[in-house]
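Asks: Just so it is clear, I am handing over entry-v2.csv, which has CSV, C-alpha atoms.
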chain,number,residue,atom,x,y,z
A,1,MET,CA,25.3,-7.9,18.6
A,2,ALA,CA,25.1,-4.2,18.9
A,3,GLN,CA,23.0,-4.1,15.8
A,4,LEU,CA,20.6,-6.7,17.1
A,5,ASN,CA,20.2,-4.7,20.4
A,6,ARG,CA,19.5,-1.6,18.4
A,7,GLU,CA,16.9,-3.4,16.3
A,8,GLU,CA,15.1,-4.4,19.4
A,9,GLU,CA,15.4,-1.0,20.9
A,10,TRP,CA,13.9,0.6,17.7
A,11,ALA,CA,11.0,-1.8,17.7
A,12,ALA,CA,10.3,-1.2,21.4
A,13,LEU,CA,10.4,2.6,20.9
A,14,MET,CA,8.1,2.4,17.9
A,15,GLN,CA,5.7,0.2,19.9
A,16,ALA,CA,5.7,2.7,22.7
A,17,ALA,CA,5.2,5.6,20.2
A,18,ILE,CA,2.2,3.8,18.6
A,19,GLY,CA,0.9,3.6,22.2
A,20,GLY,CA,1.1,7.4,22.4
A,21,ASP,CA,4.5,7.8,24.1
A,22,GLU,CA,5.8,11.1,22.7
A,23,SER,CA,9.3,11.0,24.3
A,24,ALA,CA,10.0,7.5,23.1
A,25,TYR,CA,8.8,8.6,19.6
A,26,ARG,CA,11.1,11.6,19.7
A,27,ARG,CA,14.0,9.4,20.7
A,28,LEU,CA,13.3,7.0,17.9
A,29,LEU,CA,12.9,9.6,15.2
A,30,ASP,CA,16.1,11.3,16.4
A,31,GLN,CA,18.1,8.0,16.0
A,32,LEU,CA,16.4,7.2,12.7
A,33,SER,CA,17.1,10.7,11.3
A,34,ARG,CA,20.9,10.2,11.9
A,35,SER,CA,20.8,6.8,10.1
A,36,LEU,CA,18.7,8.1,7.3
A,37,ARG,CA,20.9,11.1,6.8
A,38,ALA,CA,24.0,8.9,6.4
A,39,ALA,CA,22.2,6.5,4.1
A,40,THR,CA,20.7,9.2,2.0
A,41,ARG,CA,24.1,10.9,1.6
A,42,ARG,CA,25.5,7.6,0.3
A,43,GLY,CA,22.6,7.2,-2.0
A,44,PHE,CA,23.0,10.7,-3.4
A,45,ALA,CA,26.8,10.1,-3.8
A,46,GLN,CA,26.1,6.9,-5.7
A,47,PHE,CA,24.0,8.8,-8.3
A,48,GLY,CA,26.0,12.0,-8.3
A,49,ALA,CA,23.2,14.1,-6.9
A,50,ALA,CA,23.8,17.4,-5.2
A,51,MET,CA,24.2,17.0,-1.4
A,52,ASN,CA,22.1,20.1,-0.6
A,53,ASP,CA,18.9,18.1,-1.1
A,54,VAL,CA,19.8,15.4,1.3
A,55,GLU,CA,17.9,17.0,4.3
A,56,ASP,CA,14.9,17.3,2.1
A,57,VAL,CA,14.8,13.6,1.5
A,58,VAL,CA,15.5,12.8,5.2
A,59,GLN,CA,12.5,15.0,6.1
A,60,ASP,CA,10.3,13.4,3.4
A,61,THR,CA,11.3,10.0,4.7
A,62,LEU,CA,10.5,10.9,8.4
A,63,LEU,CA,7.1,12.3,7.3
A,64,ALA,CA,6.4,9.0,5.5
A,65,ILE,CA,7.5,6.9,8.5
A,66,HIS,CA,5.2,9.0,10.6
A,67,LEU,CA,2.1,9.0,8.3
A,68,LYS,CA,2.5,5.3,7.5
A,69,ARG,CA,3.5,3.9,10.8
A,70,HIS,CA,0.3,1.8,11.0
A,71,THR,CA,1.7,-0.3,8.1
A,72,TRP,CA,4.5,-1.6,10.3
A,73,ASP,CA,3.8,-5.1,11.3
A,74,GLN,CA,4.6,-5.1,15.0
A,75,SER,CA,5.7,-8.8,14.9
A,76,GLN,CA,8.5,-7.8,12.5
A,77,PRO,CA,11.7,-5.9,13.1
A,78,LEU,CA,11.5,-2.2,12.4
A,79,GLY,CA,14.7,-1.8,10.4
A,80,PRO,CA,13.6,-3.5,7.1
A,81,TRP,CA,10.4,-1.5,7.2
A,82,VAL,CA,12.3,1.8,7.6
A,83,ARG,CA,14.8,0.8,5.0
A,84,ALA,CA,12.0,0.1,2.5
A,85,ILE,CA,10.4,3.5,3.1
A,86,ALA,CA,13.8,5.2,2.9
A,87,ARG,CA,14.6,3.4,-0.4
A,88,HIS,CA,11.2,4.4,-1.8
A,89,LYS,CA,11.7,8.0,-1.0
A,90,LEU,CA,15.3,8.1,-2.1
A,91,ILE,CA,14.4,6.6,-5.5
A,92,ASP,CA,11.5,9.0,-5.8
A,93,SER,CA,13.6,12.0,-5.1
A,94,LEU,CA,16.4,11.0,-7.5
A,95,ARG,CA,13.9,10.4,-10.2
A,96,ARG,CA,12.4,13.8,-9.6
A,97,ARG,CA,15.8,15.3,-9.9
A,98,GLY,CA,16.1,13.7,-13.3
A,99,ARG,CA,18.4,10.7,-12.4
A,100,ARG,CA,17.8,7.4,-14.1
A,101,VAL,CA,17.3,4.9,-11.3
A,102,GLU,CA,17.0,1.4,-12.8
A,103,VAL,CA,19.5,-0.5,-10.7
A,104,PRO,CA,17.9,-1.4,-7.4
A,105,ILE,CA,19.5,0.7,-4.7
A,106,ASP,CA,20.8,-1.4,-1.9
A,107,LEU,CA,20.2,1.0,1.0
A,108,VAL,CA,22.3,0.2,4.0
A,109,LEU,CA,20.8,1.7,7.1
A,110,ASP,CA,23.4,2.1,9.8
A,111,LEU,CA,22.0,0.8,13.0
A,112,LEU,CA,24.7,2.4,14.9
A,113,PRO,CA,24.5,6.1,15.7
A,114,ALA,CA,26.2,8.1,13.0
A,115,GLU,CA,28.2,11.3,13.6
A,116,GLU,CA,26.3,14.5,12.9
A,117,LEU,CA,26.5,15.4,9.3
A,118,ARG,CA,24.7,18.6,8.5
A,119,SER,CA,25.1,21.8,6.6
A,120,ASP,CA,23.1,24.9,6.7
A,121,LEU,CA,22.6,24.6,2.9
A,122,ASP,CA,20.3,21.7,3.7
A,123,ARG,CA,17.8,23.9,5.4
A,124,GLN,CA,16.7,26.3,2.7
A,125,ASP,CA,14.5,23.9,0.8
A,126,ALA,CA,12.7,22.7,3.9
A,127,GLU,CA,12.0,26.2,5.1
A,128,ARG,CA,10.4,26.9,1.7
A,129,LEU,CA,8.1,23.9,2.2
A,130,ILE,CA,6.6,25.0,5.4
A,131,ASN,CA,5.8,28.4,3.8
A,132,GLU,CA,3.5,26.5,1.4
A,133,LEU,CA,1.1,25.4,4.1
A,134,ASN,CA,-2.1,27.4,4.5
A,135,GLY,CA,-2.4,30.0,7.2
A,136,ARG,CA,-3.6,28.2,10.3
A,137,GLN,CA,-1.7,25.0,9.6
A,138,GLN,CA,1.5,27.0,8.9
A,139,THR,CA,1.1,28.9,12.2
A,140,ILE,CA,0.5,25.7,14.2
A,141,VAL,CA,3.2,23.6,12.5
A,142,ARG,CA,5.7,26.4,12.8
A,143,SER,CA,4.8,27.1,16.4
A,144,ILE,CA,5.3,23.5,17.5
A,145,SER,CA,8.3,22.7,15.4
A,146,VAL,CA,10.4,25.7,14.9
A,147,GLU,CA,9.4,27.5,18.1
A,148,GLY,CA,9.2,24.4,20.1
A,149,ASN,CA,5.9,25.1,21.8
A,150,SER,CA,3.7,22.4,23.3
A,151,ILE,CA,0.2,21.7,21.9
A,152,ARG,CA,-1.3,23.2,25.1
A,153,ASP,CA,0.7,26.4,24.6
A,154,VAL,CA,-0.4,26.7,21.1
A,155,ALA,CA,-4.0,26.1,22.0
A,156,GLU,CA,-3.9,28.8,24.6
A,157,LYS,CA,-2.2,31.3,22.4
A,158,LEU,CA,-4.6,30.8,19.5
A,159,GLY,CA,-7.7,30.4,21.7
A,160,MET,CA,-8.4,27.0,20.3
A,161,ASN,CA,-9.0,23.7,22.1
A,162,GLU,CA,-6.2,21.2,22.2
A,163,GLY,CA,-8.2,18.7,20.0
A,164,ALA,CA,-8.5,21.2,17.3
A,165,VAL,CA,-4.8,22.0,17.4
A,166,ARG,CA,-4.0,18.3,17.2
A,167,VAL,CA,-6.2,17.9,14.1
A,168,ALA,CA,-4.7,21.0,12.5
A,169,LEU,CA,-1.2,19.7,13.2
A,170,HIS,CA,-1.9,16.3,11.8
A,171,ARG,CA,-3.4,17.8,8.7
A,172,GLY,CA,-0.5,20.2,8.4
A,173,LEU,CA,1.9,17.3,8.5
A,174,LYS,CA,-0.1,15.4,5.8
A,175,ALA,CA,0.0,18.6,3.7
A,176,LEU,CA,3.7,18.8,4.1
A,177,ALA,CA,4.1,15.2,2.9
A,178,ALA,CA,1.9,16.1,-0.1
A,179,ILE,CA,4.0,19.1,-0.9
A,180,HIS,CA,7.1,16.9,-0.9
A,181,ARG,CA,5.4,14.4,-3.1
A,182,LYS,CA,4.4,17.0,-5.6
A,183,GLY,CA,8.0,18.1,-5.8
A,184,ASP,CA,9.0,20.7,-8.3
A,185,GLY,CA,11.6,18.8,-10.3
A,186,GLU,CA,13.8,21.8,-9.4
B,1,MET,CA,12.5,24.0,9.3
B,2,LYS,CA,15.4,22.0,10.7
B,3,THR,CA,14.9,18.3,10.9
B,4,ASP,CA,15.0,18.4,14.6
B,5,ASP,CA,12.1,20.9,14.5
B,6,LEU,CA,10.2,18.5,12.2
B,7,ILE,CA,10.8,15.7,14.7
B,8,ALA,CA,9.3,17.8,17.4
B,9,ALA,CA,6.2,18.3,15.4
B,10,LEU,CA,6.0,14.6,14.5
B,11,ALA,CA,6.4,13.6,18.2
B,12,ALA,CA,3.6,16.1,19.2
B,13,ASP,CA,1.4,14.2,16.6
B,14,ALA,CA,2.2,10.8,18.2
B,15,LYS,CA,-1.4,10.1,19.1
B,16,SER,CA,-2.7,10.4,15.6
B,17,VAL,CA,-1.9,6.8,14.6
B,18,SER,CA,-4.5,5.1,12.3
B,19,SER,CA,-5.7,1.6,12.8
B,20,PRO,CA,-3.3,-1.1,11.5
B,21,ILE,CA,-3.4,-1.6,7.8
B,22,GLY,CA,-4.3,-5.2,8.1
B,23,ARG,CA,-7.6,-4.3,9.8
B,24,THR,CA,-8.3,-1.6,7.2
B,25,LEU,CA,-7.8,-4.2,4.4
B,26,ALA,CA,-9.9,-6.8,6.1
B,27,LEU,CA,-12.8,-4.3,6.5
B,28,ALA,CA,-12.5,-3.4,2.8
B,29,VAL,CA,-12.5,-7.1,1.7
B,30,ILE,CA,-15.5,-7.9,3.9
B,31,GLY,CA,-17.5,-4.8,3.1
B,32,GLY,CA,-16.7,-5.1,-0.6
B,33,ALA,CA,-17.7,-8.7,-0.7
B,34,VAL,CA,-21.0,-8.1,1.2
B,35,GLY,CA,-21.8,-5.3,-1.1
B,36,ALA,CA,-21.0,-7.4,-4.2
B,37,ALA,CA,-23.1,-10.3,-2.8
B,38,ILE,CA,-26.1,-8.0,-2.3
B,39,LEU,CA,-25.7,-6.6,-5.8
B,40,PHE,CA,-25.5,-10.2,-7.1
B,41,ALA,CA,-28.7,-11.2,-5.2
B,42,ILE,CA,-30.6,-8.3,-6.7
B,43,MET,CA,-29.2,-8.5,-10.2
B,44,LEU,CA,-28.7,-12.2,-10.9
B,45,GLY,CA,-29.1,-14.7,-8.1
B,46,MET,CA,-27.8,-18.3,-8.2
B,47,ARG,CA,-28.9,-20.6,-10.9
B,48,ALA,CA,-31.8,-22.9,-10.2
B,49,ASP,CA,-29.8,-26.2,-10.2
B,50,VAL,CA,-27.1,-25.0,-7.9
B,51,VAL,CA,-27.6,-27.7,-5.3
B,52,SER,CA,-27.7,-30.6,-7.6
B,53,SER,CA,-24.6,-29.1,-9.4
B,54,LEU,CA,-22.5,-29.6,-6.3
B,55,SER,CA,-21.9,-33.2,-7.4
B,56,SER,CA,-20.6,-32.0,-10.8
B,57,PRO,CA,-16.8,-31.8,-10.9
B,58,ARG,CA,-16.9,-29.1,-13.6
B,59,PHE,CA,-19.1,-26.9,-11.5
B,60,LEU,CA,-16.9,-27.4,-8.5
B,61,PHE,CA,-13.8,-26.7,-10.5
B,62,LYS,CA,-15.0,-23.2,-11.2
B,63,PHE,CA,-14.7,-22.5,-7.5
B,64,VAL,CA,-11.3,-24.2,-7.3
B,65,PHE,CA,-10.3,-21.6,-9.8
B,66,THR,CA,-12.1,-18.5,-8.4
B,67,LEU,CA,-11.2,-19.3,-4.7
B,68,SER,CA,-7.5,-20.0,-5.5
B,69,LEU,CA,-7.4,-16.7,-7.4
B,70,LEU,CA,-9.0,-15.0,-4.5
B,71,GLY,CA,-6.8,-16.6,-1.8
B,72,SER,CA,-3.5,-16.1,-3.5
B,73,ALA,CA,-4.4,-12.5,-4.5
B,74,LEU,CA,-5.4,-11.8,-0.9
B,75,GLY,CA,-2.2,-13.2,0.5
B,76,LEU,CA,-0.2,-11.0,-2.0
B,77,MET,CA,-2.3,-7.9,-1.2
B,78,TRP,CA,-1.6,-8.2,2.5
B,79,ASN,CA,2.1,-7.9,1.7
B,80,VAL,CA,2.2,-5.4,-1.1
B,81,ALA,CA,0.2,-3.0,1.0
B,82,ARG,CA,3.3,-2.5,3.1
B,83,PRO,CA,6.6,-1.2,2.1
B,84,GLY,CA,9.1,-3.9,1.4
B,85,ALA,CA,10.0,-6.7,-1.0
B,86,ILE,CA,7.4,-8.7,-2.9
B,87,PRO,CA,7.0,-12.1,-1.2
B,88,ILE,CA,8.0,-14.7,-3.7
B,89,GLY,CA,5.8,-17.4,-2.1
B,90,TRP,CA,2.6,-15.5,-2.7
B,91,LEU,CA,3.7,-14.6,-6.3
B,92,LEU,CA,4.2,-18.3,-6.9
B,93,ALA,CA,0.8,-19.2,-5.4
B,94,LEU,CA,-0.8,-16.7,-7.8
B,95,ALA,CA,1.3,-18.1,-10.7
B,96,ALA,CA,-0.1,-21.5,-9.9
B,97,VAL,CA,-3.6,-20.5,-10.7
B,98,PRO,CA,-3.1,-20.5,-14.5
B,99,VAL,CA,-1.4,-23.9,-14.1
B,100,LEU,CA,-4.5,-25.1,-12.4
B,101,LEU,CA,-6.6,-23.9,-15.2
B,102,ALA,CA,-4.4,-25.6,-17.8
B,103,ALA,CA,-4.7,-28.8,-15.8
B,104,GLY,CA,-8.5,-28.5,-15.8
B,105,SER,CA,-8.5,-27.8,-19.5
B,106,ILE,CA,-6.4,-30.8,-20.3
B,107,ALA,CA,-8.8,-33.0,-18.2
B,108,GLU,CA,-11.6,-31.6,-20.3
B,109,MET,CA,-9.8,-32.4,-23.6
B,110,LEU,CA,-9.3,-36.0,-22.4
B,111,THR,CA,-12.9,-36.5,-21.5
B,112,VAL,CA,-14.8,-34.5,-24.2
B,113,PRO,CA,-14.7,-35.3,-27.9
B,114,ALA,CA,-12.9,-32.6,-29.9
B,115,ALA,CA,-16.0,-31.8,-31.9
B,116,GLU,CA,-17.6,-30.5,-28.6
B,117,TRP,CA,-14.7,-28.3,-27.7
B,118,GLY,CA,-15.8,-25.2,-29.6
B,119,ARG,CA,-19.3,-25.2,-28.2
B,120,ARG,CA,-17.9,-25.6,-24.7
B,121,LEU,CA,-15.5,-22.8,-25.1
B,122,THR,CA,-18.2,-20.3,-26.4
B,123,GLY,CA,-20.7,-21.5,-23.9
B,124,ALA,CA,-24.1,-19.8,-23.6
B,125,ASN,CA,-23.1,-16.6,-21.9
B,126,ALA,CA,-19.6,-15.6,-22.9
B,127,SER,CA,-20.2,-11.9,-23.3
B,128,MET,CA,-22.3,-11.7,-20.1
B,129,CYS,CA,-19.5,-13.3,-18.2
B,130,VAL,CA,-16.9,-10.8,-19.4
B,131,VAL,CA,-19.3,-7.9,-18.5
B,132,LEU,CA,-20.8,-9.2,-15.3
B,133,ILE,CA,-17.7,-10.2,-13.4
B,134,PRO,CA,-16.2,-6.7,-13.6
B,135,ILE,CA,-19.6,-5.2,-12.6
B,136,LEU,CA,-19.7,-7.5,-9.5
B,137,SER,CA,-16.1,-6.7,-8.8
B,138,ALA,CA,-16.6,-2.9,-8.8
B,139,LEU,CA,-17.5,-2.4,-5.2
B,140,PRO,CA,-14.7,-4.5,-3.6
B,141,PHE,CA,-12.4,-2.9,-6.1
B,142,ALA,CA,-13.2,0.6,-5.0
B,143,ALA,CA,-13.1,-0.4,-1.3
B,144,LEU,CA,-9.7,-2.0,-1.8
B,145,LEU,CA,-8.1,0.9,-3.6
B,146,LEU,CA,-9.2,3.2,-0.9
B,147,ALA,CA,-7.8,0.9,1.8
B,148,LEU,CA,-4.5,0.5,-0.1
B,149,ARG,CA,-4.2,4.2,-0.3
B,150,ARG,CA,-3.9,4.1,3.5
B,151,GLY,CA,-1.1,1.6,3.0
B,152,ALA,CA,2.4,2.2,1.7
B,153,PRO,CA,2.9,0.0,-1.3
B,154,SER,CA,6.5,0.0,-2.6
B,155,HIS,CA,5.0,-0.9,-6.0
B,156,PRO,CA,1.8,1.1,-6.5
B,157,MET,CA,1.1,-0.5,-10.0
B,158,LEU,CA,1.4,-4.0,-8.6
B,159,ALA,CA,-0.7,-3.1,-5.6
B,160,GLY,CA,-3.5,-1.8,-7.9
B,161,ALA,CA,-3.3,-4.9,-10.1
B,162,VAL,CA,-3.6,-7.2,-7.0
B,163,ALA,CA,-6.6,-5.2,-5.8
B,164,GLY,CA,-8.1,-5.9,-9.3
B,165,LEU,CA,-7.4,-9.6,-8.9
B,166,VAL,CA,-8.9,-9.8,-5.4
B,167,SER,CA,-12.0,-8.1,-6.5
B,168,ALA,CA,-12.2,-10.2,-9.7
B,169,GLY,CA,-11.9,-13.3,-7.4
B,170,ILE,CA,-14.9,-12.1,-5.4
B,171,GLY,CA,-16.9,-11.2,-8.5
B,172,ALA,CA,-16.0,-14.4,-10.2
B,173,THR,CA,-16.9,-16.6,-7.2
B,174,LEU,CA,-20.4,-15.0,-7.1
B,175,TYR,CA,-20.9,-15.1,-10.8
B,176,ALA,CA,-19.9,-18.8,-11.0
B,177,THR,CA,-23.0,-19.7,-9.0
B,178,HIS,CA,-25.1,-18.0,-11.6
B,179,CYS,CA,-23.3,-18.8,-14.8
B,180,PRO,CA,-24.6,-21.9,-16.6
B,181,ASP,CA,-21.3,-22.6,-18.3
B,182,ASP,CA,-19.1,-25.0,-16.3
B,183,SER,CA,-16.5,-26.2,-18.8
B,184,PRO,CA,-12.9,-25.4,-17.9
B,185,PHE,CA,-12.5,-24.2,-21.4
B,186,PHE,CA,-15.0,-21.5,-20.7
B,187,VAL,CA,-13.5,-20.6,-17.4
B,188,ALA,CA,-10.0,-20.5,-18.7
B,189,THR,CA,-11.0,-18.1,-21.4
B,190,TRP,CA,-13.8,-15.7,-20.3
B,191,TYR,CA,-13.2,-15.7,-16.5
B,192,VAL,CA,-9.5,-15.1,-17.2
B,193,ILE,CA,-10.3,-12.2,-19.6
B,194,ALA,CA,-12.5,-10.6,-16.9
B,195,ALA,CA,-9.8,-11.0,-14.2
B,196,ALA,CA,-7.1,-9.7,-16.5
B,197,PHE,CA,-9.2,-6.7,-17.3
B,198,MET,CA,-9.6,-5.9,-13.6
B,199,ALA,CA,-5.9,-6.4,-13.0
B,200,MET,CA,-5.0,-4.0,-15.8
B,201,LEU,CA,-7.5,-1.5,-14.7
B,202,GLY,CA,-6.1,-1.8,-11.1
B,203,ALA,CA,-2.5,-1.3,-12.4
B,204,ALA,CA,-3.5,1.7,-14.4
B,205,ILE,CA,-5.3,3.4,-11.5
B,206,GLY,CA,-2.8,2.2,-8.9
B,207,GLU,CA,0.2,3.7,-10.6
B,208,ARG,CA,-1.1,7.2,-9.8
B,209,PHE,CA,-3.7,6.7,-7.1
B,210,LEU,CA,-1.5,4.6,-4.8
B,211,ARG,CA,1.6,6.7,-4.9
B,212,TRP,CA,2.8,8.1,-1.6
How would this structure read if it were set down as structure tokens?
Replies:
Amino acid sequence: MAQLNREEEWAALMQAAIGGDESAYRRLLDQLSRSLRAATRRGFAQFGAAMNDVEDVVQDTLLAIHLKRHTWDQSQPLGPWVRAIARHKLIDSLRRRGRRVEVPIDLVLDLLPAEELRSDLDRQDAERLINELNGRQQTIVRSISVEGNSIRDVAEKLGMNEGAVRVALHRGLKALAAIHRKGDGE
Amino acid sequence: MKTDDLIAALAADAKSVSSPIGRTLALAVIGGAVGAAILFAIMLGMRADVVSSLSSPRFLFKFVFTLSLLGSALGLMWNVARPGAIPIGWLLALAAVPVLLAAGSIAEMLTVPAAEWGRRLTGANASMCVVLIPILSALPFAALLLALRRGAPSHPMLAGAVAGLVSAGIGATLYATHCPDDSPFFVATWYVIAAAFMAMLGAAIGERFLRW
């Protein structure tokens, strides 16, 4: 019952997000990130992969959810769609880390909020990724994410118009996803 | 960057959402088909007896084949463009297409003396068929691959193969109105070779091009 409610809540939040509601979107991504973290940890444990890459996969998955959200069929629940993306990214990352993944992974995505699992080790890799962005994209992505500025603030500070900042942010996020995809096989 | 920081950036980018993948695919199918039809009109055109052929079951059977290939591949494509499981129903629908061809070929065997079979199989235009169907498929094929790249296929190779089949379905439907060979033997051989070629080409390209 709780699960069903959560499914509906997720779908409603994503619908609002697609309509441009930033705070609904932030709430959804926050909830999803917790579920994804727990699911990815279980996936890594199943294949004996080092836990310090978990956060990298979570971020890769969140980026994919973001960049592919127009592939969600709004008449369907959100959970299976998220799970399929998470599974895809998990398998991808395990393969890149040299794990043989032939058995289909049955990824269980907790619909209930998971407790916070996080370690500072998780962050190093992600920090390296943002450094690979080109100058302007890096400035803008870092300013909005790490420093928590709004688009308007950034536009003012850089003497750009807001539209240009939005475009650069979107391109920066796409570039981040591409950097993830490229991977480095460690 | 902490994950919470990434989420802040993603939320700030909330308004960047692209048009739904279904619409992108529909535009690619329509645009590709129109392009292929124009190319067909310039290059080949329909055969002279196309109207009187409408009463020929062999002529009509060609379209039973090409349109069922097109329809089932389209249904499959709409699903493989999104992340998730492959829908078994559409796979079965696609698998029914060769069964249909086998049934048509059996009917041909029963109605045509065996001495005729070889000539019907080779037809007048076998090599043209194998070359022209892929040429007519090229535009929809390119449009569909670009559209699928905006999707998120869990199986990029399969998605590419399906794009190949959809475009072969379009190319073959057009070509069938030009091609003088109507025997199911001919269709089951040369049309199938052309479609299989497009599917393999799509799989080979899709494996890399459709990764995400």
Asks: Find the residues of chain B in contact range of chain A, meaning any atom within 9 Å when counting all atoms listed in the file, and list them as a PyMOL selection string.
Replies: chain B and resi 1-22+81-85+150-152+154+211-212
Asks: Just the number, please: distance in Å from CA of Pro113 in chain B to CA of Ser68 in chain B, one decimal.
Replies: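 Going from CA of Pro113 in chain B over to CA of Ser68 in chain B covers 28.1 Å.
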Asks: A:Leu133, A:Gln15, A:Pro77, A:Gly48: which is nearest Arg100 in chain A, counting all atoms listed in the file?
Replies: A:Gly48
Asks: Determine the nearest neighbour of Glu132 in chain A from the options A:Arg152, A:Asn52, A:Ala175, A:Gly98, counting all atoms listed in the file.
Replies: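 Ranking A:Arg152, A:Asn52, A:Ala175, A:Gly98 by distance to Glu132 in chain A, first place goes to A:Ala175.
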Asks: Contacts of Ala124 in chain B at 8 Å or less, counting only C-alpha atoms, minus same-chain residues fewer than 2 places along, as a list in words?
Replies: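 Counting only the stated atoms, we get Thr122, Ala126, Pro180 and Asp181 of chain B.
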Asks: Calculated over all atoms listed in the file, which of the candidates B:Ile42, B:Leu69, B:Val50, B:Met157 has the smallest distance to Val99 in chain B?
Replies: B:Leu69
Asks: Find the distance between CA of Leu67 in chain B and CA of Ala172 in chain B and write it in Å to one decimal.
Replies: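 Separating CA of Leu67 in chain B from CA of Ala172 in chain B is a distance of 8.8 Å.
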Asks: Give me, please, the distance in Å between CA of Gly118 in chain B and CA of Ser167 in chain B, quoted to one decimal.
Replies: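 Atom-to-atom, CA of Gly118 in chain B and CA of Ser167 in chain B are spaced 29.0 Å apart.
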Asks: So that I can check the surroundings of Leu146 in chain B, please list as number ranges by chain every protein, DNA and RNA residue that reaches within 12 Å of it, counting only C-alpha atoms and ignoring chain neighbours fewer than 3 positions away.
Replies: B: 21, 24-25, 27-29, 32, 81, 139-143, 149-152, 159-160, 163, 202, 205-206, 209-210
